Number of protein chains: 2
Amino acid sequence: MDTRRLKTFVAVAELGSVSKAAVRLRIGQPALSRQIGDLQQELGLTLFDHVGRGLVLTGEGEQLLADCRRVLTDLEAVRERAEVLRGGDRGVLKVAAPPHTIESVLSRFLPRYAERFPNVHVHLTEALGPAQTTMLERGEVHVGIRLYRADPSFESRLLPPADALAVAAPSLNLGQAGVIDVRGLAAYPLLLLDPGYSVRRLFDAACRLADVRPNVMLESRAPHTLLALAEIGHGVAIIPSLQRTDRYDVRVARVTHGRKPVRERVAIQWDRRRRLPPYAVTFCDALADYMHTILPITYPTKTKETGGRRQSVSRSSQRVRSF
Amino acid sequence: MDTRRLKTFVAVAELGSVSKAAVRLRIGQPALSRQIGDLQQELGLTLFDHVGRGLVLTGEGEQLLADCRRVLTDLEAVRERAEVLRGGDRGVLKVAAPPHTIESVLSRFLPRYAERFPNVHVHLTEALGPAQTTMLERGEVHVGIRLYRADPSFESRLLPPADALAVAAPSLNLGQAGVIDVRGLAAYPLLLLDPGYSVRRLFDAACRLADVRPNVMLESRAPHTLLALAEIGHGVAIIPSLQRTDRYDVRVARVTHGRKPVRERVAIQWDRRRRLPPYAVTFCDALADYMHTILPITYPTKTKETGGRRQSVSRSSQRVRSF
DNA sequence: GGCATTCCATGCCGACGGGGCATAGGATTG
DNA sequence: CAATCCTATGCCCCGTCGGCATGGAATGCC
């Protein structure tokens, strides 16, 4: 009886639907469907009845649910105790991140994090990628959130990717299905970020590839400036999807190029030579988890990525298991 | 955090040794060693210290142990509740088995089984293989214990294999390392079972292959007759390893042929057309488990079997997972 | 003190499980 | 009856796990 199956069972039972559970657990619906089937076969019981196009617990399922939950909470207890023993619950953690990431992600993540780890004091530093690199090397911060690079002297952990978003006043009616091609943007006056922002460079690259000459109306270091202008119809702002737009009355669309979203890989990185304190590892875990939960679910991946398997999250890295 | 790792952790902690735990869990020592390593990496903690050539829990390990046990007992609770819901805990179960199996295995298994399942009434029938087939087809018994056959109309579950044993008075000093080759038996007067016993036919086949003409002194349907005669030095008895010999003052050796043990695959079988009641499934599980625990550990398998992977014990059979 | 023994770790390999993708089958809604 | 939404399943690939063989360290024995 694998705990994964139990997690699945609980999720499906709570949401009353395999596909909803698939979204929550961030794996495909078929996999879940099978897990439920496997579990039922393993237990020799029917846990769900098909009613309409959903599933509801049978009496047996209902009874097992509580027990299963207990197992999962106990398992969580093990994990937490390990965390405490590891010293993962107290210390000063120094984090560098670009301003828009701080505003959008960290501002909402940190309170939640502080609740679980009241004794970890997070110290934030505003810095774009290159500045982070220096700080990491100097040991001025533990980790930095930035565009992913494969640099042998930095260890990194991938976070959910950030898409380039086109933002405009609703009246412009930009992008049909929440998607707009780079070529489709050529017509509009564009509100772009400073080239220090990786999304800007990414967008420029996409334009070159698409052979589009963007009509740059304004270049700014402040995303909010762009958003405010976009809101009143003064052009289309291009921002990273991590940027919050909920305070503005705008319409957003993901920028694509040849059906593929213009996307950058975001990572949390640290200097390989410095050993990351346990609470920093925990922080990375928690952040990655949080971002996955809040970001728009990309499944089913209509936008075919170029291969690439899901990231194995807490797996002993390729049999480098010594003790 | 896989429950398998937790099981391993608890076992190793209790026994203070990876290899002992390997015997208990019936998997190889390297696998366990790795599981411990993986778990430690996953938790980011050192659970064991190396002291001498054994392992002892660290303080952290000590603290986690209790939590891990809780998870496992809760998991067991899930399994048990499922069993009850399945109706796996009450009914009348009819079992057919050869006399020596009843005497050796079932006589000790049934009390233990009855303790856990007081409401399952086991009804025993003495029958050798062919007779069982008839009874199974007629529905006179639910399951039969016998030599494994690949018959499409019968479902079966493998039990630990039975070796042919050569039994003689200690004075004969038979078999050096608890093993004797078929050729080495040619010299002795043999006490054989009736050909109705599969071990007899197996032994005959081994003799033919080894080009040995056995010197048959007596042929009997009663293993105890053979044992009694063997005890007083009147020949060497050939019996299945399931036969109890502990009441006799004899020396036993496994019969081999070309380094390989003369071995038969034992299984518990049932008619595929009849659905096995839940408590019968449970019975099969419990029996297989019991036999594994009592039978001489065959690991490390010095006696190379002809390929053949371990039996997957409660796994959804090859993706035939519908619900 | 050297040799045999015992126990743990690790490289290698094969097989099974589980996940993704594509798609069929069913039910519901308009 | 078509469109839509949801679940089930065939196919395929990759990661994981277990077995086997072996290395290496510590211990015991003579």
# chains A, B, ... in the order shown; residues from 1 in each chain; ligands from 1
$ interface_residues --of "chain C" --to "chain A" --cutoff "12 Å" --atoms "only C-alpha atoms (C1' of nucleotides)" --output "ChimeraX atom specification"
/C:8-11,17-23,26-28
$ interface_residues --of "chain A" --to "chain B" --cutoff "9 Å" --atoms "only C-alpha atoms" --output "number ranges by chain"
A: 1-4, 34, 36-46, 60, 63-65, 67-68, 70-75, 77-79, 81-83, 85-86, 278, 314-316, 319-323
$ interface_residues --of "chain D" --to "chain B" --cutoff "9 Å" --atoms "only C-alpha atoms (C1' of nucleotides)" --output "tab-separated table (two decimals) with C-alpha atoms (C1' of nucleotides), in the first residue's frame"
chain	number	residue	atom	x	y	z
D	8	DA	C1'	-10.79	4.40	-18.43
D	9	DT	C1'	-7.21	2.16	-21.09
D	17	DC	C1'	14.33	-0.98	-6.81
D	18	DG	C1'	16.09	-5.41	-6.14
D	19	DG	C1'	19.47	-9.01	-7.10
D	25	DA	C1'	36.48	-2.26	7.11
D	26	DA	C1'	36.24	-4.27	11.55
D	27	DT	C1'	36.45	-8.35	14.37
$ residues_around --residues "Ser220 of chain A" --least-positions-apart "4" --cutoff "10 Å" --atoms "only C-alpha atoms (C1' of nucleotides)" --output "PDB file with N, CA and C atoms, in the first residue's frame"
ATOM      1  N   LEU A 191       4.941  48.327 -24.151  1.00  0.00           N
ATOM      2  CA  LEU A 191       5.483  48.850 -22.898  1.00  0.00           C
ATOM      3  C   LEU A 191       6.397  47.770 -22.342  1.00  0.00           C
ATOM      4  N   LEU A 192       7.701  48.000 -22.453  1.00  0.00           N
ATOM      5  CA  LEU A 192       8.641  46.940 -22.098  1.00  0.00           C
ATOM      6  C   LEU A 192       9.445  47.264 -20.852  1.00  0.00           C
ATOM      7  N   LEU A 193       9.896  46.197 -20.212  1.00  0.00           N
ATOM      8  CA  LEU A 193      10.778  46.354 -19.063  1.00  0.00           C
ATOM      9  C   LEU A 193      12.194  46.630 -19.545  1.00  0.00           C
ATOM     10  N   ASP A 194      12.988  47.089 -18.636  1.00  0.00           N
ATOM     11  CA  ASP A 194      14.410  47.306 -18.856  1.00  0.00           C
ATOM     12  C   ASP A 194      15.086  45.986 -19.242  1.00  0.00           C
ATOM     13  N   PRO A 195      16.128  46.028 -20.093  1.00  0.00           N
ATOM     14  CA  PRO A 195      16.797  44.777 -20.488  1.00  0.00           C
ATOM     15  C   PRO A 195      17.460  44.040 -19.328  1.00  0.00           C
ATOM     16  N   HIS A 224       5.038  48.286 -12.578  1.00  0.00           N
ATOM     17  CA  HIS A 224       3.765  48.931 -12.288  1.00  0.00           C
ATOM     18  C   HIS A 224       3.491  50.114 -13.192  1.00  0.00           C
ATOM     19  N   THR A 225       4.545  50.775 -13.592  1.00  0.00           N
ATOM     20  CA  THR A 225       4.368  51.863 -14.542  1.00  0.00           C
ATOM     21  C   THR A 225       3.734  51.326 -15.819  1.00  0.00           C
ATOM     22  N   LEU A 226       4.288  50.229 -16.270  1.00  0.00           N
ATOM     23  CA  LEU A 226       3.767  49.628 -17.495  1.00  0.00           C
ATOM     24  C   LEU A 226       2.317  49.219 -17.321  1.00  0.00           C
TER      25      LEU A 226
END
$ atom_distance --atom1 "atom CA of Arg138 of chain B" --atom2 "atom CA of Arg274 of chain B"
10.0 Å
$ atom_distance --atom1 "atom CA of Pro98 of chain B" --atom2 "atom CA of Thr125 of chain B"
8.4 Å
$ atom_distance --atom1 "atom CA of His234 of chain B" --atom2 "atom CA of Cys207 of chain B"
20.7 Å
$ select_by_dssp --residues "segment 160-279 of chain A" --states "strand (DSSP E)" --output "PDB file with N, CA and C atoms, in the first residue's frame"
ATOM      1  N   ALA A 162       8.218  30.831 -15.850  1.00  0.00           N
ATOM      2  CA  ALA A 162       7.469  32.075 -16.004  1.00  0.00           C
ATOM      3  C   ALA A 162       7.273  32.346 -17.497  1.00  0.00           C
ATOM      4  N   ASP A 163       6.042  32.630 -17.862  1.00  0.00           N
ATOM      5  CA  ASP A 163       5.758  32.974 -19.250  1.00  0.00           C
ATOM      6  C   ASP A 163       5.805  34.477 -19.423  1.00  0.00           C
ATOM      7  N   ALA A 164       6.057  34.882 -20.654  1.00  0.00           N
ATOM      8  CA  ALA A 164       5.897  36.299 -20.966  1.00  0.00           C
ATOM      9  C   ALA A 164       4.404  36.566 -21.155  1.00  0.00           C
ATOM     10  N   LEU A 165       3.926  37.611 -20.494  1.00  0.00           N
ATOM     11  CA  LEU A 165       2.512  37.953 -20.615  1.00  0.00           C
ATOM     12  C   LEU A 165       2.349  39.275 -21.345  1.00  0.00           C
ATOM     13  N   ALA A 166       1.338  39.335 -22.171  1.00  0.00           N
ATOM     14  CA  ALA A 166       0.963  40.608 -22.790  1.00  0.00           C
ATOM     15  C   ALA A 166      -0.247  41.140 -22.042  1.00  0.00           C
ATOM     16  N   VAL A 167      -0.139  42.378 -21.579  1.00  0.00           N
ATOM     17  CA  VAL A 167      -1.200  42.951 -20.768  1.00  0.00           C
ATOM     18  C   VAL A 167      -1.741  44.200 -21.443  1.00  0.00           C
ATOM     19  N   ALA A 168      -3.050  44.268 -21.532  1.00  0.00           N
ATOM     20  CA  ALA A 168      -3.655  45.427 -22.189  1.00  0.00           C
ATOM     21  C   ALA A 168      -5.006  45.738 -21.578  1.00  0.00           C
ATOM     22  N   VAL A 179      -4.125  33.730 -25.330  1.00  0.00           N
ATOM     23  CA  VAL A 179      -2.835  33.490 -25.976  1.00  0.00           C
ATOM     24  C   VAL A 179      -2.695  34.445 -27.144  1.00  0.00           C
ATOM     25  N   ILE A 180      -1.484  34.965 -27.332  1.00  0.00           N
ATOM     26  CA  ILE A 180      -1.277  35.807 -28.504  1.00  0.00           C
ATOM     27  C   ILE A 180       0.131  35.593 -29.044  1.00  0.00           C
ATOM     28  N   ASP A 181       0.247  35.499 -30.347  1.00  0.00           N
ATOM     29  CA  ASP A 181       1.554  35.252 -30.943  1.00  0.00           C
ATOM     30  C   ASP A 181       2.375  36.537 -30.999  1.00  0.00           C
ATOM     31  N   PRO A 189       1.682  49.413 -29.828  1.00  0.00           N
ATOM     32  CA  PRO A 189       2.778  50.077 -29.108  1.00  0.00           C
ATOM     33  C   PRO A 189       3.070  49.280 -27.841  1.00  0.00           C
ATOM     34  N   LEU A 190       4.338  48.993 -27.614  1.00  0.00           N
ATOM     35  CA  LEU A 190       4.675  48.100 -26.510  1.00  0.00           C
ATOM     36  C   LEU A 190       5.288  48.831 -25.331  1.00  0.00           C
ATOM     37  N   LEU A 191       4.941  48.327 -24.151  1.00  0.00           N
ATOM     38  CA  LEU A 191       5.483  48.850 -22.898  1.00  0.00           C
ATOM     39  C   LEU A 191       6.397  47.770 -22.342  1.00  0.00           C
ATOM     40  N   LEU A 192       7.701  48.000 -22.453  1.00  0.00           N
ATOM     41  CA  LEU A 192       8.641  46.940 -22.098  1.00  0.00           C
ATOM     42  C   LEU A 192       9.445  47.264 -20.852  1.00  0.00           C
ATOM     43  N   LEU A 193       9.896  46.197 -20.212  1.00  0.00           N
ATOM     44  CA  LEU A 193      10.778  46.354 -19.063  1.00  0.00           C
ATOM     45  C   LEU A 193      12.194  46.630 -19.545  1.00  0.00           C
ATOM     46  N   ASN A 215       7.423  47.564 -31.681  1.00  0.00           N
ATOM     47  CA  ASN A 215       7.168  48.993 -31.633  1.00  0.00           C
ATOM     48  C   ASN A 215       7.219  49.434 -30.172  1.00  0.00           C
ATOM     49  N   VAL A 216       8.432  49.802 -29.733  1.00  0.00           N
ATOM     50  CA  VAL A 216       8.613  50.090 -28.309  1.00  0.00           C
ATOM     51  C   VAL A 216       8.143  51.490 -27.974  1.00  0.00           C
ATOM     52  N   MET A 217       7.173  51.554 -27.099  1.00  0.00           N
ATOM     53  CA  MET A 217       6.644  52.858 -26.734  1.00  0.00           C
ATOM     54  C   MET A 217       7.336  53.391 -25.488  1.00  0.00           C
ATOM     55  N   LEU A 218       7.611  52.470 -24.557  1.00  0.00           N
ATOM     56  CA  LEU A 218       8.241  52.899 -23.313  1.00  0.00           C
ATOM     57  C   LEU A 218       9.067  51.756 -22.753  1.00  0.00           C
ATOM     58  N   GLU A 219      10.165  52.109 -22.131  1.00  0.00           N
ATOM     59  CA  GLU A 219      11.007  51.121 -21.474  1.00  0.00           C
ATOM     60  C   GLU A 219      11.168  51.568 -20.037  1.00  0.00           C
ATOM     61  N   SER A 220      10.877  50.657 -19.104  1.00  0.00           N
ATOM     62  CA  SER A 220      10.878  51.063 -17.699  1.00  0.00           C
ATOM     63  C   SER A 220      11.481  49.988 -16.825  1.00  0.00           C
ATOM     64  N   VAL A 236       0.550  47.953 -24.973  1.00  0.00           N
ATOM     65  CA  VAL A 236       0.509  46.597 -24.429  1.00  0.00           C
ATOM     66  C   VAL A 236       1.782  46.368 -23.629  1.00  0.00           C
ATOM     67  N   ALA A 237       1.615  45.985 -22.371  1.00  0.00           N
ATOM     68  CA  ALA A 237       2.782  45.748 -21.519  1.00  0.00           C
ATOM     69  C   ALA A 237       3.202  44.287 -21.601  1.00  0.00           C
ATOM     70  N   ILE A 238       4.511  44.091 -21.642  1.00  0.00           N
ATOM     71  CA  ILE A 238       5.048  42.731 -21.625  1.00  0.00           C
ATOM     72  C   ILE A 238       5.732  42.510 -20.284  1.00  0.00           C
ATOM     73  N   ILE A 239       5.207  41.575 -19.530  1.00  0.00           N
ATOM     74  CA  ILE A 239       5.727  41.351 -18.177  1.00  0.00           C
ATOM     75  C   ILE A 239       5.859  39.855 -17.927  1.00  0.00           C
ATOM     76  N   PRO A 240       6.635  39.511 -16.937  1.00  0.00           N
ATOM     77  CA  PRO A 240       6.717  38.085 -16.581  1.00  0.00           C
ATOM     78  C   PRO A 240       5.449  37.651 -15.857  1.00  0.00           C
ATOM     79  N   ARG A 251      -6.508  42.921 -19.229  1.00  0.00           N
ATOM     80  CA  ARG A 251      -6.702  41.597 -19.795  1.00  0.00           C
ATOM     81  C   ARG A 251      -5.318  41.053 -20.133  1.00  0.00           C
ATOM     82  N   VAL A 252      -5.053  39.811 -19.746  1.00  0.00           N
ATOM     83  CA  VAL A 252      -3.714  39.264 -19.994  1.00  0.00           C
ATOM     84  C   VAL A 252      -3.785  38.090 -20.953  1.00  0.00           C
ATOM     85  N   ALA A 253      -2.714  37.935 -21.715  1.00  0.00           N
ATOM     86  CA  ALA A 253      -2.611  36.798 -22.629  1.00  0.00           C
ATOM     87  C   ALA A 253      -1.169  36.322 -22.621  1.00  0.00           C
ATOM     88  N   ARG A 254      -0.981  35.036 -22.697  1.00  0.00           N
ATOM     89  CA  ARG A 254       0.389  34.524 -22.765  1.00  0.00           C
ATOM     90  C   ARG A 254       0.930  34.747 -24.166  1.00  0.00           C
ATOM     91  N   VAL A 255       2.160  35.192 -24.228  1.00  0.00           N
ATOM     92  CA  VAL A 255       2.791  35.432 -25.524  1.00  0.00           C
ATOM     93  C   VAL A 255       3.350  34.117 -26.048  1.00  0.00           C
ATOM     94  N   THR A 256       3.041  33.810 -27.282  1.00  0.00           N
ATOM     95  CA  THR A 256       3.559  32.578 -27.872  1.00  0.00           C
ATOM     96  C   THR A 256       4.384  32.898 -29.111  1.00  0.00           C
ATOM     97  N   HIS A 257       5.152  31.927 -29.491  1.00  0.00           N
ATOM     98  CA  HIS A 257       5.897  32.028 -30.743  1.00  0.00           C
ATOM     99  C   HIS A 257       5.889  30.643 -31.369  1.00  0.00           C
ATOM    100  N   LYS A 260       4.351  27.712 -29.239  1.00  0.00           N
ATOM    101  CA  LYS A 260       4.969  27.500 -27.929  1.00  0.00           C
ATOM    102  C   LYS A 260       4.961  28.791 -27.139  1.00  0.00           C
ATOM    103  N   PRO A 261       4.695  28.694 -25.858  1.00  0.00           N
ATOM    104  CA  PRO A 261       4.717  29.910 -25.041  1.00  0.00           C
ATOM    105  C   PRO A 261       6.140  30.439 -24.942  1.00  0.00           C
ATOM    106  N   ARG A 263       8.688  31.362 -22.817  1.00  0.00           N
ATOM    107  CA  ARG A 263       8.774  30.921 -21.426  1.00  0.00           C
ATOM    108  C   ARG A 263      10.210  30.895 -20.972  1.00  0.00           C
ATOM    109  N   GLU A 264      10.405  31.259 -19.706  1.00  0.00           N
ATOM    110  CA  GLU A 264      11.764  31.169 -19.166  1.00  0.00           C
ATOM    111  C   GLU A 264      11.748  30.263 -17.954  1.00  0.00           C
ATOM    112  N   VAL A 266      12.706  29.411 -14.391  1.00  0.00           N
ATOM    113  CA  VAL A 266      13.057  30.123 -13.171  1.00  0.00           C
ATOM    114  C   VAL A 266      13.632  29.117 -12.190  1.00  0.00           C
ATOM    115  N   ALA A 267      14.613  29.569 -11.444  1.00  0.00           N
ATOM    116  CA  ALA A 267      15.222  28.655 -10.485  1.00  0.00           C
ATOM    117  C   ALA A 267      15.620  29.403  -9.237  1.00  0.00           C
ATOM    118  N   ILE A 268      15.789  28.634  -8.182  1.00  0.00           N
ATOM    119  CA  ILE A 268      16.378  29.206  -6.979  1.00  0.00           C
ATOM    120  C   ILE A 268      17.775  28.600  -6.893  1.00  0.00           C
ATOM    121  N   GLN A 269      18.766  29.482  -6.812  1.00  0.00           N
ATOM    122  CA  GLN A 269      20.140  29.008  -6.962  1.00  0.00           C
ATOM    123  C   GLN A 269      20.996  29.368  -5.774  1.00  0.00           C
ATOM    124  N   TRP A 270      22.079  28.615  -5.621  1.00  0.00           N
ATOM    125  CA  TRP A 270      23.024  28.914  -4.558  1.00  0.00           C
ATOM    126  C   TRP A 270      24.421  28.464  -4.957  1.00  0.00           C
ATOM    127  N   ASP A 271      25.356  28.967  -4.229  1.00  0.00           N
ATOM    128  CA  ASP A 271      26.751  28.667  -4.515  1.00  0.00           C
ATOM    129  C   ASP A 271      27.063  27.247  -4.079  1.00  0.00           C
TER     130      ASP A 271
END
